[in-house]
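Undergrad: Sharing model18.cif here; it has mmCIF, C-alpha atoms and all ligand atoms.
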```cif
data_structure
loop_
_atom_site.label_atom_id
_atom_site.label_comp_id
_atom_site.auth_asym_id
_atom_site.auth_seq_id
_atom_site.Cartn_x
_atom_site.Cartn_y
_atom_site.Cartn_z
CA MET A 1 -18.97 15.26 -15.60
CA ASN A 2 -17.78 12.00 -14.12
CA ILE A 3 -14.13 11.75 -13.15
CA PRO A 4 -13.43 8.59 -11.14
CA LEU A 5 -11.04 8.53 -8.19
CA SER A 6 -8.92 5.91 -9.93
CA GLN A 7 -8.91 3.87 -13.10
CA PRO A 8 -6.78 0.91 -14.23
CA ASP A 9 -4.51 1.20 -17.28
CA ILE A 10 -5.17 -1.88 -19.45
CA THR A 11 -3.86 -2.09 -23.02
CA ASP A 12 -4.27 -4.61 -25.83
CA ALA A 13 -1.13 -6.35 -24.57
CA GLU A 14 -2.86 -7.32 -21.28
CA ILE A 15 -6.00 -8.40 -23.16
CA ASP A 16 -3.95 -10.53 -25.58
CA ALA A 17 -2.10 -12.12 -22.66
CA VAL A 18 -5.40 -13.08 -21.00
CA VAL A 19 -6.74 -14.53 -24.24
CA SER A 20 -3.66 -16.65 -24.72
CA VAL A 21 -3.93 -18.06 -21.18
CA MET A 22 -7.60 -18.83 -21.83
CA ARG A 23 -6.65 -20.70 -25.01
CA SER A 24 -4.03 -22.76 -23.17
CA SER A 25 -5.20 -25.46 -20.80
CA ARG A 26 -3.21 -24.07 -17.88
CA LEU A 27 -5.37 -21.76 -15.75
CA SER A 28 -3.51 -22.04 -12.42
CA ILE A 29 0.06 -22.83 -11.25
CA GLY A 30 1.77 -22.41 -14.61
CA PRO A 31 4.26 -20.44 -16.63
CA SER A 32 2.61 -17.03 -16.13
CA GLN A 33 2.99 -17.31 -12.36
CA GLN A 34 6.67 -18.10 -12.79
CA GLU A 35 7.15 -15.23 -15.20
CA PHE A 36 5.32 -12.69 -13.02
CA GLU A 37 7.27 -13.79 -9.92
CA SER A 38 10.66 -13.62 -11.61
CA LEU A 39 9.98 -10.25 -13.27
CA PHE A 40 8.91 -8.93 -9.86
CA ALA A 41 11.87 -10.31 -7.92
CA SER A 42 14.39 -8.87 -10.34
CA TYR A 43 12.63 -5.48 -10.57
CA ILE A 44 12.62 -5.01 -6.79
CA GLY A 45 16.01 -6.65 -6.34
CA VAL A 46 15.05 -9.40 -3.89
CA ALA A 47 15.86 -13.11 -4.28
CA HIS A 48 12.37 -14.60 -3.89
CA ALA A 49 8.88 -13.52 -4.95
CA VAL A 50 5.67 -15.47 -4.27
CA ALA A 51 2.45 -14.42 -6.03
CA VAL A 52 -0.69 -14.51 -3.87
CA SER A 53 -4.39 -13.78 -4.25
CA SER A 54 -4.30 -10.31 -2.64
CA GLY A 55 -2.12 -7.92 -0.70
CA THR A 56 -4.07 -8.82 2.41
CA ALA A 57 -3.37 -12.54 1.88
CA GLY A 58 0.30 -11.61 1.38
CA LEU A 59 0.46 -9.78 4.72
CA HIS A 60 -1.21 -12.73 6.43
CA LEU A 61 1.31 -15.19 4.96
CA ALA A 62 4.31 -12.96 5.69
CA LEU A 63 3.37 -12.84 9.39
CA LEU A 64 2.71 -16.61 9.50
CA ALA A 65 5.93 -17.48 7.67
CA LEU A 66 7.91 -15.39 10.18
CA GLY A 67 6.27 -17.33 13.01
CA ILE A 68 4.33 -14.42 14.51
CA GLY A 69 1.31 -15.50 16.53
CA PRO A 70 -0.71 -15.16 19.74
CA GLN A 71 1.11 -13.40 22.62
CA ASP A 72 3.21 -11.43 20.13
CA GLU A 73 3.00 -7.69 19.56
CA VAL A 74 3.55 -6.03 16.19
CA ILE A 75 4.21 -2.32 15.75
CA VAL A 76 2.20 -0.71 12.94
CA PRO A 77 0.91 2.75 11.96
CA SER A 78 -2.80 3.45 12.43
CA PHE A 79 -2.93 5.95 9.56
CA THR A 80 -3.10 3.27 6.86
CA PHE A 81 -5.35 0.82 5.07
CA ILE A 82 -7.02 -1.52 7.57
CA ALA A 83 -5.59 -4.70 5.96
CA ALA A 84 -2.13 -3.93 7.38
CA VAL A 85 -3.60 -4.22 10.88
CA ASN A 86 -6.17 -6.94 10.24
CA ALA A 87 -3.41 -9.33 9.13
CA ILE A 88 -1.79 -8.94 12.57
CA ARG A 89 -5.10 -9.93 14.17
CA TYR A 90 -5.52 -12.90 11.76
CA VAL A 91 -2.44 -14.53 13.35
CA GLY A 92 -3.70 -13.68 16.85
CA ALA A 93 -1.04 -11.04 17.57
CA ASP A 94 -1.70 -7.58 19.03
CA PRO A 95 -1.20 -4.45 16.91
CA ILE A 96 0.64 -1.65 18.74
CA PHE A 97 -0.13 1.60 16.95
CA ILE A 98 2.51 4.24 16.31
CA ASP A 99 1.81 7.82 15.30
CA ILE A 100 3.03 9.30 12.00
CA GLU A 101 5.18 12.23 10.90
CA LEU A 102 3.13 15.15 9.66
CA GLN A 103 5.09 15.74 6.44
CA THR A 104 5.52 12.20 5.11
CA MET A 105 2.50 10.60 6.80
CA ASN A 106 4.77 7.60 7.46
CA LEU A 107 5.33 6.07 10.88
CA ASN A 108 7.53 8.22 13.09
CA PRO A 109 10.71 6.26 13.94
CA ALA A 110 11.29 8.39 17.05
CA LEU A 111 8.20 6.82 18.63
CA ILE A 112 9.04 3.18 17.99
CA GLU A 113 11.35 2.37 20.90
CA ALA A 114 8.90 3.56 23.56
CA ALA A 115 6.34 1.12 22.11
CA ILE A 116 8.60 -1.93 22.28
CA SER A 117 7.87 -4.47 25.02
CA ALA A 118 9.18 -7.94 25.84
CA ARG A 119 6.44 -9.31 23.57
CA THR A 120 7.28 -7.22 20.48
CA ARG A 121 8.32 -9.38 17.51
CA ALA A 122 8.01 -7.24 14.40
CA ILE A 123 7.43 -3.84 12.83
CA VAL A 124 5.05 -3.53 9.89
CA VAL A 125 6.43 -0.56 7.94
CA VAL A 126 3.95 0.99 5.48
CA HIS A 127 5.32 3.12 2.64
CA THR A 128 2.28 5.38 2.71
CA PHE A 129 0.96 6.72 -0.60
CA GLY A 130 4.17 5.52 -2.32
CA LEU A 131 6.55 7.55 -0.17
CA PRO A 132 9.35 5.44 1.33
CA ALA A 133 9.47 5.25 5.12
CA GLU A 134 12.64 6.16 7.08
CA MET A 135 14.27 2.74 6.57
CA ASP A 136 17.72 3.51 8.03
CA SER A 137 16.37 4.39 11.48
CA ILE A 138 13.72 1.67 11.40
CA LEU A 139 16.21 -1.06 10.44
CA ALA A 140 18.65 0.12 13.13
CA ILE A 141 15.93 -0.10 15.80
CA ALA A 142 14.81 -3.51 14.54
CA ARG A 143 18.39 -4.81 14.67
CA ARG A 144 18.92 -3.42 18.18
CA HIS A 145 15.76 -5.12 19.50
CA ASN A 146 15.91 -8.25 17.35
CA LEU A 147 12.63 -7.55 15.56
CA PHE A 148 11.47 -8.65 12.13
CA VAL A 149 10.69 -5.95 9.59
CA ILE A 150 7.74 -6.50 7.26
CA GLU A 151 7.35 -3.86 4.57
CA ASP A 152 3.79 -3.15 3.49
CA ALA A 153 4.80 -1.84 0.06
CA CYS A 154 1.28 -2.23 -1.36
CA GLU A 155 1.24 1.48 -2.28
CA ALA A 156 4.88 1.82 -3.27
CA ILE A 157 5.96 -0.31 -6.23
CA GLY A 158 9.04 1.33 -7.74
CA ALA A 159 9.63 3.82 -4.91
CA GLU A 160 13.28 4.10 -3.86
CA TYR A 161 15.05 4.84 -0.61
CA ARG A 162 18.75 5.68 -0.94
CA GLY A 163 18.98 3.94 -4.30
CA LYS A 164 17.19 0.72 -3.27
CA LYS A 165 13.60 -0.18 -4.07
CA ALA A 166 10.91 -0.19 -1.39
CA GLY A 167 10.31 -3.86 -0.66
CA SER A 168 14.02 -4.76 -0.68
CA PHE A 169 14.71 -3.92 2.98
CA GLY A 170 12.55 -6.20 5.10
CA ASP A 171 12.52 -9.86 6.12
CA ALA A 172 9.39 -9.88 3.98
CA ALA A 173 7.66 -7.27 1.82
CA VAL A 174 4.16 -7.24 0.37
CA PHE A 175 2.73 -5.65 -2.78
CA ALA A 176 -0.89 -5.49 -3.97
CA PHE A 177 -2.62 -5.33 -7.35
CA TYR A 178 -6.18 -4.23 -6.69
CA PRO A 179 -7.39 -2.03 -9.60
CA ASN A 180 -6.56 1.27 -7.86
CA LYS A 181 -2.88 0.38 -7.36
CA GLN A 182 -0.08 1.46 -9.70
CA ILE A 183 -0.24 -1.94 -11.43
CA THR A 184 -3.20 -4.29 -11.28
CA THR A 185 -4.13 -7.92 -11.87
CA GLY A 186 -7.80 -7.38 -10.93
CA GLU A 187 -7.05 -8.86 -7.50
CA GLY A 188 -3.62 -10.04 -6.47
CA GLY A 189 -0.52 -9.61 -4.37
CA MET A 190 3.16 -10.53 -4.11
CA VAL A 191 5.32 -11.41 -1.11
CA LEU A 192 9.08 -10.91 -1.36
CA THR A 193 11.77 -12.22 0.91
CA PRO A 194 15.54 -12.49 0.84
CA HIS A 195 15.40 -15.69 2.96
CA ALA A 196 15.06 -19.09 1.19
CA ARG A 197 13.59 -20.61 4.37
CA ILE A 198 10.79 -18.01 4.46
CA GLU A 199 10.13 -18.46 0.73
CA ARG A 200 9.63 -22.20 1.30
CA GLU A 201 7.10 -21.49 4.08
CA LEU A 202 5.28 -18.90 1.94
CA ARG A 203 4.94 -21.31 -0.99
CA ALA A 204 3.59 -24.09 1.25
CA LEU A 205 1.18 -21.77 3.11
CA ARG A 206 -0.13 -20.36 -0.17
CA ASN A 207 -0.81 -23.83 -1.55
CA GLN A 208 -2.79 -25.75 1.13
CA GLY A 209 0.28 -26.56 3.22
CA ARG A 210 2.15 -28.49 0.53
CA TYR A 211 5.94 -28.24 0.51
CA GLU A 212 7.68 -28.81 -2.80
CA SER A 213 8.43 -32.41 -1.78
CA ASP A 214 4.75 -33.12 -0.93
CA ASP A 215 2.39 -34.55 -3.53
CA TRP A 216 -1.01 -32.98 -4.21
CA LEU A 217 -2.79 -34.87 -1.43
CA GLN A 218 -0.11 -34.58 1.21
CA HIS A 219 -0.36 -31.53 3.46
CA SER A 220 2.54 -31.06 5.88
CA ILE A 221 1.09 -27.99 7.57
CA ILE A 222 -2.28 -26.25 7.65
CA GLY A 223 -2.18 -23.87 4.71
CA TYR A 224 -4.52 -21.72 2.68
CA ASN A 225 -5.58 -21.35 -0.90
CA TYR A 226 -4.02 -17.97 -1.56
CA ARG A 227 -2.87 -18.82 -5.11
CA LEU A 228 -3.10 -16.30 -7.96
CA SER A 229 -4.60 -17.58 -11.23
CA GLU A 230 -2.61 -17.78 -14.47
CA ILE A 231 -5.00 -15.19 -15.92
CA ALA A 232 -4.11 -12.68 -13.22
CA CYS A 233 -0.39 -13.51 -13.40
CA ALA A 234 -0.38 -12.98 -17.18
CA ILE A 235 -1.89 -9.49 -16.71
CA GLY A 236 0.70 -8.78 -14.01
CA ALA A 237 3.62 -9.86 -16.20
CA VAL A 238 2.53 -7.46 -18.95
CA GLN A 239 2.05 -4.63 -16.43
CA MET A 240 5.57 -5.27 -15.07
CA LYS A 241 7.01 -4.92 -18.58
CA ARG A 242 5.29 -1.50 -18.82
CA ILE A 243 6.15 -0.42 -15.26
CA GLU A 244 8.50 2.46 -16.12
CA SER A 245 5.97 4.09 -18.45
CA ILE A 246 3.14 3.57 -15.91
CA LEU A 247 5.14 5.20 -13.11
CA GLY A 248 6.22 8.00 -15.47
CA SER A 249 2.61 8.86 -16.39
CA ARG A 250 1.63 8.96 -12.73
CA LYS A 251 4.53 11.26 -11.87
CA SER A 252 3.52 13.60 -14.64
CA VAL A 253 -0.10 13.77 -13.40
CA ALA A 254 1.17 14.52 -9.87
CA GLU A 255 3.36 17.33 -11.24
CA LYS A 256 0.39 18.85 -13.06
CA TYR A 257 -1.65 18.92 -9.84
CA HIS A 258 1.32 20.39 -8.03
CA ARG A 259 1.78 23.22 -10.51
CA ARG A 260 -1.88 24.19 -10.29
CA LEU A 261 -2.28 23.87 -6.53
CA ALA A 262 1.06 25.27 -5.32
CA GLY A 263 0.71 28.48 -3.36
CA ASP A 264 -2.89 27.95 -2.17
CA ARG A 265 -2.48 28.56 1.57
CA ARG A 266 -5.70 26.73 2.42
CA ILE A 267 -4.20 23.35 1.59
CA GLU A 268 -1.03 21.33 2.14
CA LEU A 269 0.26 19.42 -0.86
CA PRO A 270 1.86 15.98 -0.63
CA PRO A 271 5.67 16.17 -0.62
CA ASN A 272 6.89 15.81 -4.20
CA THR A 273 10.56 15.41 -3.38
CA ILE A 274 12.24 13.87 -0.37
CA ALA A 275 16.02 13.87 -0.03
CA GLY A 276 17.48 10.50 -0.99
CA CYS A 277 14.12 9.06 -2.08
CA SER A 278 12.05 8.67 -5.16
CA ILE A 279 8.28 8.53 -4.83
CA SER A 280 6.01 6.08 -6.64
CA TRP A 281 2.74 7.98 -7.03
CA PHE A 282 -0.17 5.88 -5.72
CA VAL A 283 -2.73 8.58 -4.94
CA TYR A 284 -2.68 12.38 -4.80
CA VAL A 285 -3.75 13.35 -1.30
CA ILE A 286 -4.04 16.96 -0.19
CA ARG A 287 -4.75 18.13 3.35
CA LEU A 288 -6.77 21.11 4.45
CA HIS A 289 -4.87 23.65 6.56
CA ASN A 290 -5.23 22.89 10.25
CA ARG A 291 -7.49 25.88 10.87
CA TYR A 292 -10.16 23.72 9.19
CA SER A 293 -12.05 20.84 10.79
CA ARG A 294 -13.45 17.52 9.69
CA LEU A 295 -16.72 19.32 8.86
CA HIS A 296 -14.95 21.61 6.39
CA ARG A 297 -13.21 18.62 4.82
CA ASP A 298 -16.48 16.74 4.49
CA ALA A 299 -18.09 19.81 2.92
CA VAL A 300 -15.33 19.88 0.29
CA LEU A 301 -15.79 16.14 -0.35
CA ASP A 302 -19.54 16.69 -0.79
CA ALA A 303 -19.05 19.62 -3.17
CA LEU A 304 -16.58 17.66 -5.31
CA GLY A 305 -18.91 14.66 -5.31
CA LEU A 306 -21.79 16.84 -6.53
CA ALA A 307 -19.53 18.12 -9.31
CA GLY A 308 -18.98 14.53 -10.48
CA ILE A 309 -15.47 14.23 -9.06
CA GLY A 310 -14.44 11.00 -7.33
CA CYS A 311 -12.61 11.70 -4.07
CA ALA A 312 -12.02 9.98 -0.73
CA ARG A 313 -10.84 10.55 2.84
CA TYR A 314 -7.54 8.61 2.81
CA PHE A 315 -7.20 7.40 5.58
CA ALA A 316 -9.58 7.06 8.49
CA PRO A 317 -7.15 5.86 11.21
CA VAL A 318 -7.54 2.17 12.05
CA HIS A 319 -7.62 2.65 15.84
CA LEU A 320 -10.79 4.74 15.41
CA GLN A 321 -12.57 2.15 13.25
CA PRO A 322 -15.59 0.40 14.80
CA ALA A 323 -13.84 -2.93 14.15
CA TYR A 324 -11.10 -1.91 16.62
CA ALA A 325 -13.34 -0.36 19.27
CA GLY A 326 -12.63 -3.23 21.67
CA LEU A 327 -8.86 -2.81 21.56
CA LYS A 328 -7.36 -3.42 24.98
CA ARG A 329 -4.71 -0.75 24.88
CA MET A 330 -6.49 2.33 23.51
CA GLN A 331 -4.14 4.97 22.27
CA HIS A 332 -4.22 8.63 21.43
CA LEU A 333 -2.39 9.31 18.18
CA PRO A 334 -2.67 13.08 17.72
CA VAL A 335 -1.02 13.42 14.31
CA SER A 336 -2.88 10.47 12.76
CA GLU A 337 -6.18 11.77 14.15
CA SER A 338 -5.62 15.32 13.03
CA VAL A 339 -4.44 14.33 9.53
CA GLY A 340 -7.25 11.77 9.19
CA GLU A 341 -9.80 14.57 9.60
CA ARG A 342 -8.42 16.78 6.87
CA THR A 343 -7.21 14.65 3.94
CA ILE A 344 -8.78 14.54 0.49
CA ALA A 345 -7.63 12.12 -2.21
CA LEU A 346 -8.22 13.66 -5.64
CA PRO A 347 -8.83 11.72 -8.89
CA PHE A 348 -5.52 10.13 -9.87
CA TYR A 349 -4.66 7.72 -12.67
CA ASN A 350 -2.31 7.34 -15.65
CA HIS A 351 -4.55 8.87 -18.32
CA LEU A 352 -6.13 11.68 -16.32
CA SER A 353 -6.38 14.43 -18.96
CA ASP A 354 -5.23 18.03 -18.62
CA ALA A 355 -8.84 19.15 -19.12
CA ASP A 356 -10.00 16.92 -16.26
CA ILE A 357 -7.17 18.13 -14.01
CA ASP A 358 -8.25 21.72 -14.78
CA TYR A 359 -11.86 20.85 -13.95
CA VAL A 360 -10.86 19.25 -10.62
CA TYR A 361 -8.71 22.29 -9.85
CA ASP A 362 -11.56 24.74 -10.61
CA GLN A 363 -14.10 22.80 -8.59
CA LEU A 364 -11.70 22.39 -5.67
CA LYS A 365 -11.05 26.15 -5.63
CA ARG A 366 -14.79 26.83 -5.63
CA ALA A 367 -15.31 24.38 -2.78
CA LEU A 368 -12.47 25.99 -0.78
CA ASP A 369 -13.88 29.49 -1.48
CA GLY A 370 -17.16 28.17 -0.06
CA LEU A 371 -15.45 27.53 3.30
CA GLU A 372 -14.56 31.18 3.93
C1 LIG A 401 -4.12 -1.97 -0.93
C2 LIG A 401 -3.42 -2.14 0.36
C3 LIG A 401 -3.41 -3.37 1.03
C4 LIG A 401 -4.24 -4.57 0.66
O1 LIG A 401 -4.25 -5.00 -0.61
P1 LIG A 401 -5.47 -5.88 -1.19
O2 LIG A 401 -4.85 -6.44 -2.42
O3 LIG A 401 -6.61 -4.96 -1.45
O4 LIG A 401 -5.80 -6.95 -0.22
C5 LIG A 401 -2.67 -3.48 2.20
N1 LIG A 401 -2.00 -2.43 2.71
C6 LIG A 401 -2.02 -1.22 2.12
C7 LIG A 401 -1.27 -0.10 2.75
C8 LIG A 401 -2.75 -1.03 0.93
O5 LIG A 401 -2.80 0.19 0.38
#
```
Any chance you could put this one into structure tokens?
TA:
Amino acid sequence: MNIPLSQPDITDAEIDAVVSVMRSSRLSIGPSQQEFESLFASYIGVAHAVAVSSGTAGLHLALLALGIGPQDEVIVPSFTFIAAVNAIRYVGADPIFIDIELQTMNLNPALIEAAISARTRAIVVVHTFGLPAEMDSILAIARRHNLFVIEDACEAIGAEYRGKKAGSFGDAAVFAFYPNKQITTGEGGMVLTPHARIERELRALRNQGRYESDDWLQHSIIGYNYRLSEIACAIGAVQMKRIESILGSRKSVAEKYHRRLAGDRRIELPPNTIAGCSISWFVYVIRLHNRYSRLHRDAVLDALGLAGIGCARYFAPVHLQPAYAGLKRMQHLPVSESVGERTIALPFYNHLSDADIDYVYDQLKRALDGLE
């Protein structure tokens, strides 16, 4: 048995699109980039979309384009992928970690105001595991304190909050297309913004500091090469045209897990409905009941691994990572720490078969029985 944790969904249409780019002479900065960007902007419902080489690059550029830098503080959850925090460090700003809500595993808006100082400039809101964060309260706090909102929507393409797509609320929003995400371009990302001025900065920063009016060897600012190739953009454009069917398959896999696992008191299931929201399923993460410890969780991970089942501990909180050991303002984040010890991401992808779901379910039950 070998069931991977995740698997991309590539059809002949993506392969044909790559072949036709390869047969053209345009391998970067061409029509596929334009098509991918405009499909993305209209799907999310935001005026401007800028394709970049990764979600991490997108977060870096979003912070730079908003003028965030040394001396600034940025509020961010710790229970997330490390890139959301690293990007804050890339621009020299200080991450201020906020704890999460137990049910949604998203940052807890009630804790934001106490973390705001005179140096706070922005909130990085992560829509964790494809579940929209509490945007109404977060936007109200940001408005009150004159803070930028950057949505890390890398896990949430297609998720909705009160009828609007995740990624349509912030001053900037970032998506990612690594192969485990809902849609993939191999590597890649997208930054969205409603502001034309920010779009102009993003495009220049992505392309070695060239504004539209600059020629190829004139660099108005210090930029980066964070461009996304035509090959990747062509894959992305095809994936965007299939987005509804991709998200539908993922929802159906999540429902199958739910039906099998519901009622097992040893585990907590991810919320499958939230009032006013629709979830975009990124991963299927269960949590052991809080009478269990990290050791129990690791024993379950080991047992599933031995049974040929790909699984992972999403997420190990960032403030506990060795890379952040030197953080000046150390914080205790009880919910993030407790959740981080007991989560298990199960295999999750579009074409996960019923037989494989049954196998994961049986092996998980056996592993849980082994804990008693
Ligand atoms: C995947 C992800 C990223 C980074 O995306 P890459 O394309 O791998 O650089 C950032 N933030 C979150 C929350 C993610 O899940």
Undergrad: Give as a list in words each residue that has an atom at most 6 Å from (-6.2, 21.2, -11.6) in the file, counting only C-alpha atoms.
TA: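 Protein, DNA and RNA residues close to (-6.2, 21.2, -11.6): Tyr257, Arg260, Ile357, Asp358, Val360 and Tyr361 of chain A.
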Undergrad: With distances taken over only C-alpha atoms and all ligand atoms, which of A:Gly45, A:Gly30, A:Gly305, A:Gly130 is nearest to ligand LIG 401 (chain A)?
TA: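 Checking each candidate against ligand LIG 401 (chain A), we get A:Gly130 as the closest.
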Undergrad: Quick one: residues within 9 Å of A:Asp298, all atoms listed in the file, excluding same-chain residues fewer than 5 positions away - as a list in words?
TA: Ser293, Ala303, Arg313, Glu341, Arg342 and Ile344 of chain A
Undergrad: Could you give me, as a VMD selection string, every polymer residue with an atom at most 7 Å away from an atom of ligand LIG 401 (chain A), counting all atoms listed in the file?
TA: chain A and resid 54 to 57 80 to 81 83 to 84 126 128 152 to 155 176 to 178 181 187 to 189
Undergrad: Name the residues in contact with A:Asn290 at a cut-off of 10 Å, using all atoms listed in the file, excluding same-chain residues fewer than 2 positions from it; report them as a PyMOL selection string.
TA: chain A and resi 266-268+287-288+292-294+338-339+341-342
Undergrad: Those residues with C-alpha atoms, as a PDB file, keeping the file's coordinate frame please?
TA:
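What follows is the written file selection.pdb:
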```pdb
ATOM      1  CA  ARG A 266      -5.700  26.730   2.420  1.00  0.00           C
ATOM      2  CA  ILE A 267      -4.200  23.350   1.590  1.00  0.00           C
ATOM      3  CA  GLU A 268      -1.030  21.330   2.140  1.00  0.00           C
ATOM      4  CA  ARG A 287      -4.750  18.130   3.350  1.00  0.00           C
ATOM      5  CA  LEU A 288      -6.770  21.110   4.450  1.00  0.00           C
ATOM      6  CA  TYR A 292     -10.160  23.720   9.190  1.00  0.00           C
ATOM      7  CA  SER A 293     -12.050  20.840  10.790  1.00  0.00           C
ATOM      8  CA  ARG A 294     -13.450  17.520   9.690  1.00  0.00           C
ATOM      9  CA  SER A 338      -5.620  15.320  13.030  1.00  0.00           C
ATOM     10  CA  VAL A 339      -4.440  14.330   9.530  1.00  0.00           C
ATOM     11  CA  GLU A 341      -9.800  14.570   9.600  1.00  0.00           C
ATOM     12  CA  ARG A 342      -8.420  16.780   6.870  1.00  0.00           C
TER      13      ARG A 342
END
```
Undergrad: With all atoms listed in the file as the atoms that count, which of A:Ile231, A:Ile286, A:Ile150, A:Ala307 lies nearest to A:Ser25?
TA: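 Distance minimum relative to A:Ser25 lands on A:Ile231.
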Undergrad: Which of these, A:Lys256, A:Arg143, A:Arg242, A:Arg197, has the shortest distance to A:Tyr211 once you count only C-alpha atoms?
TA: A:Arg197
Undergrad: Restricting the calculation to all atoms listed in the file, which member of A:Leu205, A:Ala237, A:Ala355, A:Leu333 is positioned closest to A:Ile98?
TA: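 Closest residue, counting all atoms listed in the file: A:Leu333.
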Undergrad: Atom CA of A:Ala234 to atom CA of A:Pro8: how many Å, to one decimal?
TA: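 Interatomic distance, atom CA of A:Ala234 to atom CA of A:Pro8: 15.6 Å.
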Undergrad: Near A:Ala122, within 10 Å and counting all atoms listed in the file, which residues show up once chain neighbours fewer than 3 positions away are dropped, as a PDB file with C-alpha atoms, in the frame of the given file?
TA:
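As written to disk, result_16.pdb reads:
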```
ATOM      1  CA  LEU A  63       3.370 -12.840   9.390  1.00  0.00           C
ATOM      2  CA  LEU A  66       7.910 -15.390  10.180  1.00  0.00           C
ATOM      3  CA  ILE A  68       4.330 -14.420  14.510  1.00  0.00           C
ATOM      4  CA  ASP A  72       3.210 -11.430  20.130  1.00  0.00           C
ATOM      5  CA  GLU A  73       3.000  -7.690  19.560  1.00  0.00           C
ATOM      6  CA  VAL A  74       3.550  -6.030  16.190  1.00  0.00           C
ATOM      7  CA  ILE A  75       4.210  -2.320  15.750  1.00  0.00           C
ATOM      8  CA  VAL A  76       2.200  -0.710  12.940  1.00  0.00           C
ATOM      9  CA  PRO A  95      -1.200  -4.450  16.910  1.00  0.00           C
ATOM     10  CA  ILE A 116       8.600  -1.930  22.280  1.00  0.00           C
ATOM     11  CA  ARG A 119       6.440  -9.310  23.570  1.00  0.00           C
ATOM     12  CA  VAL A 125       6.430  -0.560   7.940  1.00  0.00           C
ATOM     13  CA  ALA A 142      14.810  -3.510  14.540  1.00  0.00           C
ATOM     14  CA  HIS A 145      15.760  -5.120  19.500  1.00  0.00           C
ATOM     15  CA  ASN A 146      15.910  -8.250  17.350  1.00  0.00           C
ATOM     16  CA  LEU A 147      12.630  -7.550  15.560  1.00  0.00           C
ATOM     17  CA  PHE A 148      11.470  -8.650  12.130  1.00  0.00           C
ATOM     18  CA  VAL A 149      10.690  -5.950   9.590  1.00  0.00           C
ATOM     19  CA  ILE A 150       7.740  -6.500   7.260  1.00  0.00           C
ATOM     20  CA  ASP A 171      12.520  -9.860   6.120  1.00  0.00           C
TER      21      ASP A 171
END
```
Undergrad: Work out how far atom CA of A:Gly310 is from atom CA of A:Arg366, in Å to one decimal.
TA: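 Between atom CA of A:Arg366 and atom CA of A:Gly310 the gap is 15.9 Å.
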Undergrad: Can you pull out the residues contacting A:Gly69? Cut-off 7 Å, using all atoms listed in the file, and skip same-chain residues under 2 positions away; I want them as a ChimeraX atom specification.
TA: /A:67,71-72,91-93
Undergrad: Looking at all atoms listed in the file, which of A:Met190, A:Gly308, A:Thr185, A:Ile123 is the one that sits closest to A:Pro347?
TA: A:Gly308
Undergrad: Quick one: pull the distance between atom CA of A:Phe36 and atom CA of A:Phe282, Å, one decimal.
TA: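 Taking atom CA of A:Phe36 and atom CA of A:Phe282, their separation equals 20.7 Å.
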Undergrad: Of the residues A:Asn86, A:Thr193, A:Ser20, A:Asn108, which is the one nearest to A:Leu59, using all atoms listed in the file?
TA: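 The answer is A:Asn86, which sits nearest to A:Leu59.
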Undergrad: If we count all atoms listed in the file and set the cut-off at 7 Å, which residues sit around A:Val21, ignoring sequence neighbours fewer than 4 positions away in its own chain? Please answer as a PyMOL selection string.
TA: chain A and resi 17+26-27+230-231
